[in-house]
Amino acid sequence: MKNDSASKPMYEQIFEALRERIRLQQYKIGDRVPSEKELCDEFGVSRITTKKALEMLVAQQLVVRQPGRGSFVADPALFADHTLAQESAEAALSGISDQKLDRPSATNRKRMIGLVITHFSDMYGTELVYGMEEASREHDGFLVLRRSFGVPEQEQRNIVELLELGVDGLIIFPAQGEYFSEEILKLVIGKFPFVMIDRFLKGIPASSVSTDNAGAAKAGTRHLFELGHRNIAFLTQPPINTTAIEERIKGIVEAHTEQGVLVNRELWVESLVSTLPNSFDPQDQVTDVDTLVRHLEAHPEITALFAAEYPIALLAEQAAAKLGRRIPEDLSLICFDSPENPDHIRVTHLRQNQFEMGKKAFEMVIELMKSTEHAVQRIELPAELVRGTTVVEAKTPSGSQ
């Protein structure tokens, strides 16, 4: 008979293991079966998983739950319909009677960690996945990936599907938006082991690992100040409660304050949408470039552009080219991240340690699985300023404003 045990969700494997013990009378009528916590320790899974397994036993009328005491092997004679209950129990117990008993033990099952990520590409995200996959190998586990494309409803479906699959923990790169997912709130309430990556959700007590976005943005802005730039345009998608962007804005503002320069947000563009993961319309890119063209025409005093991410930097280059303005001779350009060959750096950028971020996120989930306290951790990793050829001294520094 084909052994498909490993393909089943973990809660179903635990259910079947307990059902087999009852069938073999390792647990007799009236005996207490292991608690959720004891099953967590035995099978190396979360309480949500073991709770679901016990609920399946209750649904099959194999155990009864007594509040404050635990779960006990049921006596079919106690059911309202003795005959129906007896047949139900016998059918449930005989389901695996003819199966081989040499299948892999659930206690030796490899950990499965689910990843819900908006999107990933050479621009950003691939190294995150590499780091998680490397950690999964080191911890003898597997990474199961689903993309949400930044759509909150898809994110919720992905979380539910991965939980139904029986993952032992989750890593979530949350969709941008004003509100956090209802499914994420359920994870918090249920103390399911999960970690946010790249950003955190305000007001939600959940562990996260991200870049020190404020520190990185401050370092990039300081670099421009050192070269005489004062009229700096920050180019970004709408922040809409996205902590990574909010933290970058915070860093830029702090750098201005330290320099004694007033922040002129009229020079900023905070409405670009073509680089969002839920943007599928090619016209969005055309619209964004046109927006930047009009903005640069309206603000000729701008000497430097600070893009929130590399794809936005590419849009800025297109806009500058349409106006006949050269980079870096007429406009300096800096951004977060770059997929360029490390041996031939062109765009000056803040390089996030994506690999370490992904690796750390996986390891944090493993630690949460082992802990009953679920203490919230927020880890921020430093970014590196990588100097390319797109930033030079300002031609005509306008001085402090």
# chains A, B, ... in the order shown; residues from 1 in each chain; ligands from 1
call {"tool": "residues_around", "arguments": {"residues": "Asp337 (chain A)", "least_positions_apart": "3", "cutoff": "10 Å", "atoms": "only C-alpha atoms", "output": "number ranges by chain"}}
result
A: 123-124, 307-311, 313, 334, 340, 347-354, 383-386
call {"tool": "select_by_dssp", "arguments": {"residues": "region 109-196 of chain A", "states": "strand (DSSP E or B)", "output": "list in words"}}
result
Arg111, Met112, Ile113, Gly114, Leu115, Val116, Ile117, Ser121, Gly125, Gly141, Phe142, Leu143, Val144, Leu145, Arg146, Arg147, Gly169, Leu170, Ile171, Ile172, Phe194, Val195 and Met196 of chain A
call {"tool": "write_last_selection", "arguments": {"atoms": "N, CA and C atoms", "output": "PDB file, in the first residue's frame"}}
result
ATOM      1  N   ARG A 111       9.719  19.720  10.038  1.00  0.00           N
ATOM      2  CA  ARG A 111       8.923  20.923  10.249  1.00  0.00           C
ATOM      3  C   ARG A 111       8.563  21.560   8.920  1.00  0.00           C
ATOM      4  N   MET A 112       7.355  22.085   8.838  1.00  0.00           N
ATOM      5  CA  MET A 112       6.925  22.852   7.672  1.00  0.00           C
ATOM      6  C   MET A 112       6.611  24.270   8.124  1.00  0.00           C
ATOM      7  N   ILE A 113       7.299  25.232   7.526  1.00  0.00           N
ATOM      8  CA  ILE A 113       7.048  26.642   7.809  1.00  0.00           C
ATOM      9  C   ILE A 113       6.469  27.271   6.556  1.00  0.00           C
ATOM     10  N   GLY A 114       5.309  27.903   6.696  1.00  0.00           N
ATOM     11  CA  GLY A 114       4.676  28.552   5.556  1.00  0.00           C
ATOM     12  C   GLY A 114       5.168  29.984   5.393  1.00  0.00           C
ATOM     13  N   LEU A 115       5.329  30.407   4.151  1.00  0.00           N
ATOM     14  CA  LEU A 115       5.717  31.783   3.846  1.00  0.00           C
ATOM     15  C   LEU A 115       4.639  32.421   2.985  1.00  0.00           C
ATOM     16  N   VAL A 116       4.093  33.535   3.456  1.00  0.00           N
ATOM     17  CA  VAL A 116       3.163  34.340   2.661  1.00  0.00           C
ATOM     18  C   VAL A 116       3.894  35.630   2.324  1.00  0.00           C
ATOM     19  N   ILE A 117       4.179  35.839   1.051  1.00  0.00           N
ATOM     20  CA  ILE A 117       4.957  36.996   0.618  1.00  0.00           C
ATOM     21  C   ILE A 117       4.212  37.689  -0.515  1.00  0.00           C
ATOM     22  N   SER A 121      11.384  39.029  -6.653  1.00  0.00           N
ATOM     23  CA  SER A 121      12.045  39.070  -7.951  1.00  0.00           C
ATOM     24  C   SER A 121      13.498  39.433  -7.717  1.00  0.00           C
ATOM     25  N   GLY A 125      13.473  40.485  -2.807  1.00  0.00           N
ATOM     26  CA  GLY A 125      12.752  39.334  -2.281  1.00  0.00           C
ATOM     27  C   GLY A 125      13.410  37.993  -2.512  1.00  0.00           C
ATOM     28  N   GLY A 141      13.980  21.179   7.898  1.00  0.00           N
ATOM     29  CA  GLY A 141      12.571  21.472   7.665  1.00  0.00           C
ATOM     30  C   GLY A 141      12.312  21.845   6.223  1.00  0.00           C
ATOM     31  N   PHE A 142      11.098  22.309   5.963  1.00  0.00           N
ATOM     32  CA  PHE A 142      10.703  22.697   4.621  1.00  0.00           C
ATOM     33  C   PHE A 142      10.009  24.049   4.654  1.00  0.00           C
ATOM     34  N   LEU A 143      10.173  24.795   3.564  1.00  0.00           N
ATOM     35  CA  LEU A 143       9.520  26.086   3.393  1.00  0.00           C
ATOM     36  C   LEU A 143       8.430  25.926   2.344  1.00  0.00           C
ATOM     37  N   VAL A 144       7.204  26.322   2.693  1.00  0.00           N
ATOM     38  CA  VAL A 144       6.065  26.253   1.769  1.00  0.00           C
ATOM     39  C   VAL A 144       5.645  27.680   1.442  1.00  0.00           C
ATOM     40  N   LEU A 145       5.684  28.049   0.174  1.00  0.00           N
ATOM     41  CA  LEU A 145       5.542  29.448  -0.219  1.00  0.00           C
ATOM     42  C   LEU A 145       4.225  29.713  -0.952  1.00  0.00           C
ATOM     43  N   ARG A 146       3.616  30.849  -0.616  1.00  0.00           N
ATOM     44  CA  ARG A 146       2.452  31.355  -1.337  1.00  0.00           C
ATOM     45  C   ARG A 146       2.602  32.865  -1.519  1.00  0.00           C
ATOM     46  N   ARG A 147       2.243  33.391  -2.702  1.00  0.00           N
ATOM     47  CA  ARG A 147       2.299  34.828  -2.964  1.00  0.00           C
ATOM     48  C   ARG A 147       0.913  35.447  -2.824  1.00  0.00           C
ATOM     49  N   GLY A 169       4.411  26.734  11.564  1.00  0.00           N
ATOM     50  CA  GLY A 169       4.648  28.141  11.835  1.00  0.00           C
ATOM     51  C   GLY A 169       4.526  28.918  10.540  1.00  0.00           C
ATOM     52  N   LEU A 170       4.514  30.238  10.646  1.00  0.00           N
ATOM     53  CA  LEU A 170       4.341  31.084   9.466  1.00  0.00           C
ATOM     54  C   LEU A 170       5.319  32.252   9.474  1.00  0.00           C
ATOM     55  N   ILE A 171       5.759  32.640   8.281  1.00  0.00           N
ATOM     56  CA  ILE A 171       6.479  33.892   8.055  1.00  0.00           C
ATOM     57  C   ILE A 171       5.596  34.705   7.114  1.00  0.00           C
ATOM     58  N   ILE A 172       5.287  35.938   7.491  1.00  0.00           N
ATOM     59  CA  ILE A 172       4.344  36.736   6.705  1.00  0.00           C
ATOM     60  C   ILE A 172       4.969  38.072   6.310  1.00  0.00           C
ATOM     61  N   PHE A 194       4.394  32.776  14.545  1.00  0.00           N
ATOM     62  CA  PHE A 194       4.592  33.420  13.254  1.00  0.00           C
ATOM     63  C   PHE A 194       5.435  34.677  13.445  1.00  0.00           C
ATOM     64  N   VAL A 195       6.072  35.091  12.351  1.00  0.00           N
ATOM     65  CA  VAL A 195       6.960  36.250  12.361  1.00  0.00           C
ATOM     66  C   VAL A 195       6.667  37.109  11.142  1.00  0.00           C
ATOM     67  N   MET A 196       6.592  38.418  11.354  1.00  0.00           N
ATOM     68  CA  MET A 196       6.479  39.368  10.251  1.00  0.00           C
ATOM     69  C   MET A 196       7.878  39.621   9.680  1.00  0.00           C
TER      70      MET A 196
END
call {"tool": "atom_distance", "arguments": {"atom1": "CA of Gly220 (chain A)", "atom2": "CA of Val289 (chain A)"}}
result
23.2 Å
call {"tool": "select_by_dssp", "arguments": {"residues": "region 117-233 of chain A", "states": "alpha helix (DSSP H)", "output": "VMD selection string"}}
result
chain A and resid 126 to 138 152 to 165 182 to 189 213 to 226
call {"tool": "residues_around", "arguments": {"residues": "Ala298 (chain A)", "least_positions_apart": "3", "cutoff": "12 Å", "atoms": "only C-alpha atoms", "output": "VMD selection string"}}
result
chain A and resid 266 to 269 291 to 295 301 to 302 323
call {"tool": "write_last_selection", "arguments": {"atoms": "C-alpha atoms", "output": "short mmCIF file (atom, residue, chain, number, x, y, z; two decimals), in the first residue's frame"}}
result
data_model
loop_
_atom_site.label_atom_id
_atom_site.label_comp_id
_atom_site.auth_asym_id
_atom_site.auth_seq_id
_atom_site.Cartn_x
_atom_site.Cartn_y
_atom_site.Cartn_z
CA GLU A 266 6.65 69.72 -1.64
CA LEU A 267 9.74 68.35 -3.35
CA TRP A 268 8.66 64.78 -2.62
CA VAL A 269 6.51 62.46 -4.74
CA THR A 291 4.14 62.31 -12.91
CA LEU A 292 7.89 62.49 -12.29
CA VAL A 293 8.48 64.47 -15.47
CA ARG A 294 5.92 67.09 -14.45
CA HIS A 295 7.30 67.19 -10.92
CA GLU A 301 15.79 73.33 -7.79
CA ILE A 302 15.91 69.58 -7.04
CA LEU A 323 13.77 66.07 -19.82
#
call {"tool": "closest_residue", "arguments": {"among": "A:Ala17, A:Ser208, A:Ala74, A:Ala304", "to": "Leu227 (chain A)", "atoms": "only C-alpha atoms"}}
result
A:Ala304
call {"tool": "atom_distance", "arguments": {"atom1": "CA of Asn231 (chain A)", "atom2": "CA of Glu270 (chain A)"}}
result
16.0 Å
call {"tool": "residues_around", "arguments": {"residues": "Arg21 (chain A)", "least_positions_apart": "3", "cutoff": "12 Å", "atoms": "only C-alpha atoms", "output": "compact mmCIF listing (two decimals) with N, CA, C and O atoms, in the first residue's frame"}}
result
# COMPACT_ATOMS: atom_id res chain seq x y z
N ILE A 14 -1.61 13.47 13.60
CA ILE A 14 -1.73 13.29 15.05
C ILE A 14 -3.05 12.61 15.39
O ILE A 14 -3.11 11.70 16.24
N PHE A 15 -4.13 13.04 14.73
CA PHE A 15 -5.44 12.42 14.94
C PHE A 15 -5.36 10.92 14.68
O PHE A 15 -5.84 10.09 15.48
N GLU A 16 -4.73 10.54 13.57
CA GLU A 16 -4.66 9.12 13.23
C GLU A 16 -3.79 8.35 14.21
O GLU A 16 -4.07 7.19 14.54
N ALA A 17 -2.71 8.98 14.69
CA ALA A 17 -1.84 8.31 15.66
C ALA A 17 -2.59 8.04 16.96
O ALA A 17 -2.51 6.94 17.54
N LEU A 18 -3.37 9.03 17.41
CA LEU A 18 -4.15 8.84 18.65
C LEU A 18 -5.27 7.83 18.43
O LEU A 18 -5.57 7.01 19.32
N LEU A 24 -5.85 0.11 19.56
CA LEU A 24 -5.00 -0.92 20.15
C LEU A 24 -5.13 -0.97 21.67
O LEU A 24 -4.42 -1.72 22.34
N GLN A 25 -6.04 -0.14 22.21
CA GLN A 25 -6.33 -0.08 23.65
C GLN A 25 -5.11 0.33 24.49
O GLN A 25 -4.98 -0.03 25.65
N GLN A 26 -4.22 1.10 23.83
CA GLN A 26 -3.16 1.72 24.62
C GLN A 26 -3.78 2.77 25.53
O GLN A 26 -3.26 3.04 26.61
N TYR A 27 -4.85 3.39 25.04
CA TYR A 27 -5.70 4.23 25.88
C TYR A 27 -7.05 3.51 25.97
O TYR A 27 -7.74 3.35 24.96
N LYS A 28 -7.42 3.09 27.17
CA LYS A 28 -8.68 2.37 27.35
C LYS A 28 -9.80 3.35 27.68
O LYS A 28 -9.55 4.53 27.96
N ILE A 29 -11.05 2.85 27.63
CA ILE A 29 -12.19 3.68 27.96
C ILE A 29 -12.00 4.32 29.34
O ILE A 29 -11.66 3.63 30.32
N ASP A 31 -9.62 6.42 30.06
CA ASP A 31 -8.25 6.94 30.22
C ASP A 31 -8.16 8.36 29.67
O ASP A 31 -8.81 8.70 28.67
N VAL A 33 -6.37 11.08 27.55
CA VAL A 33 -5.41 11.15 26.45
C VAL A 33 -4.53 12.37 26.67
O VAL A 33 -4.89 13.27 27.43
N PRO A 34 -3.36 12.43 26.02
CA PRO A 34 -2.45 13.56 26.26
C PRO A 34 -3.13 14.91 25.99
O PRO A 34 -3.98 15.04 25.11
N LEU A 57 -11.02 14.04 17.12
CA LEU A 57 -11.35 12.87 17.94
C LEU A 57 -12.72 13.03 18.59
O LEU A 57 -13.50 12.08 18.68
N LEU A 62 -14.73 9.62 19.71
CA LEU A 62 -13.73 8.74 20.30
C LEU A 62 -13.28 9.23 21.66
O LEU A 62 -12.81 8.43 22.49
N VAL A 73 -10.95 8.94 26.80
CA VAL A 73 -11.48 7.98 25.84
C VAL A 73 -12.95 7.71 26.17
O VAL A 73 -13.29 7.42 27.32
N LEU A 93 -12.27 3.45 13.82
CA LEU A 93 -11.11 2.69 14.27
C LEU A 93 -10.61 1.70 13.24
O LEU A 93 -9.43 1.37 13.21
N ILE A 96 -7.81 2.29 9.55
CA ILE A 96 -6.38 2.07 9.29
C ILE A 96 -5.94 0.69 9.72
O ILE A 96 -4.75 0.40 9.77
N SER A 97 -6.90 -0.20 10.03
CA SER A 97 -6.52 -1.50 10.59
C SER A 97 -5.71 -2.33 9.61
O SER A 97 -4.92 -3.17 10.02
N LEU A 101 2.15 -0.64 9.45
CA LEU A 101 2.50 0.13 10.64
C LEU A 101 3.94 0.59 10.61
O LEU A 101 4.45 1.10 11.60
call {"tool": "atom_distance", "arguments": {"atom1": "CA of Pro205 (chain A)", "atom2": "CA of Ala375 (chain A)"}}
result
8.9 Å
call {"tool": "residues_around", "arguments": {"residues": "region 360-372 of chain A", "least_positions_apart": "2", "cutoff": "7 Å", "atoms": "only C-alpha atoms", "output": "list in words"}}
result
Val45, Ser46, Met132, Ala135, Gly169, Ile171, Pro193, Phe194, Val195, Ile197, Val209, Glu356, Met357, Gly358 and His374 of chain A
call {"tool": "closest_residue", "arguments": {"among": "A:Phe234, A:Phe173, A:Phe336, A:Phe225", "to": "Val129 (chain A)", "atoms": "only C-alpha atoms"}}
result
A:Phe173
call {"tool": "closest_residue", "arguments": {"among": "A:Leu331, A:Ser338, A:Gln237, A:Glu36", "to": "Asp288 (chain A)", "atoms": "only C-alpha atoms"}}
result
A:Gln237
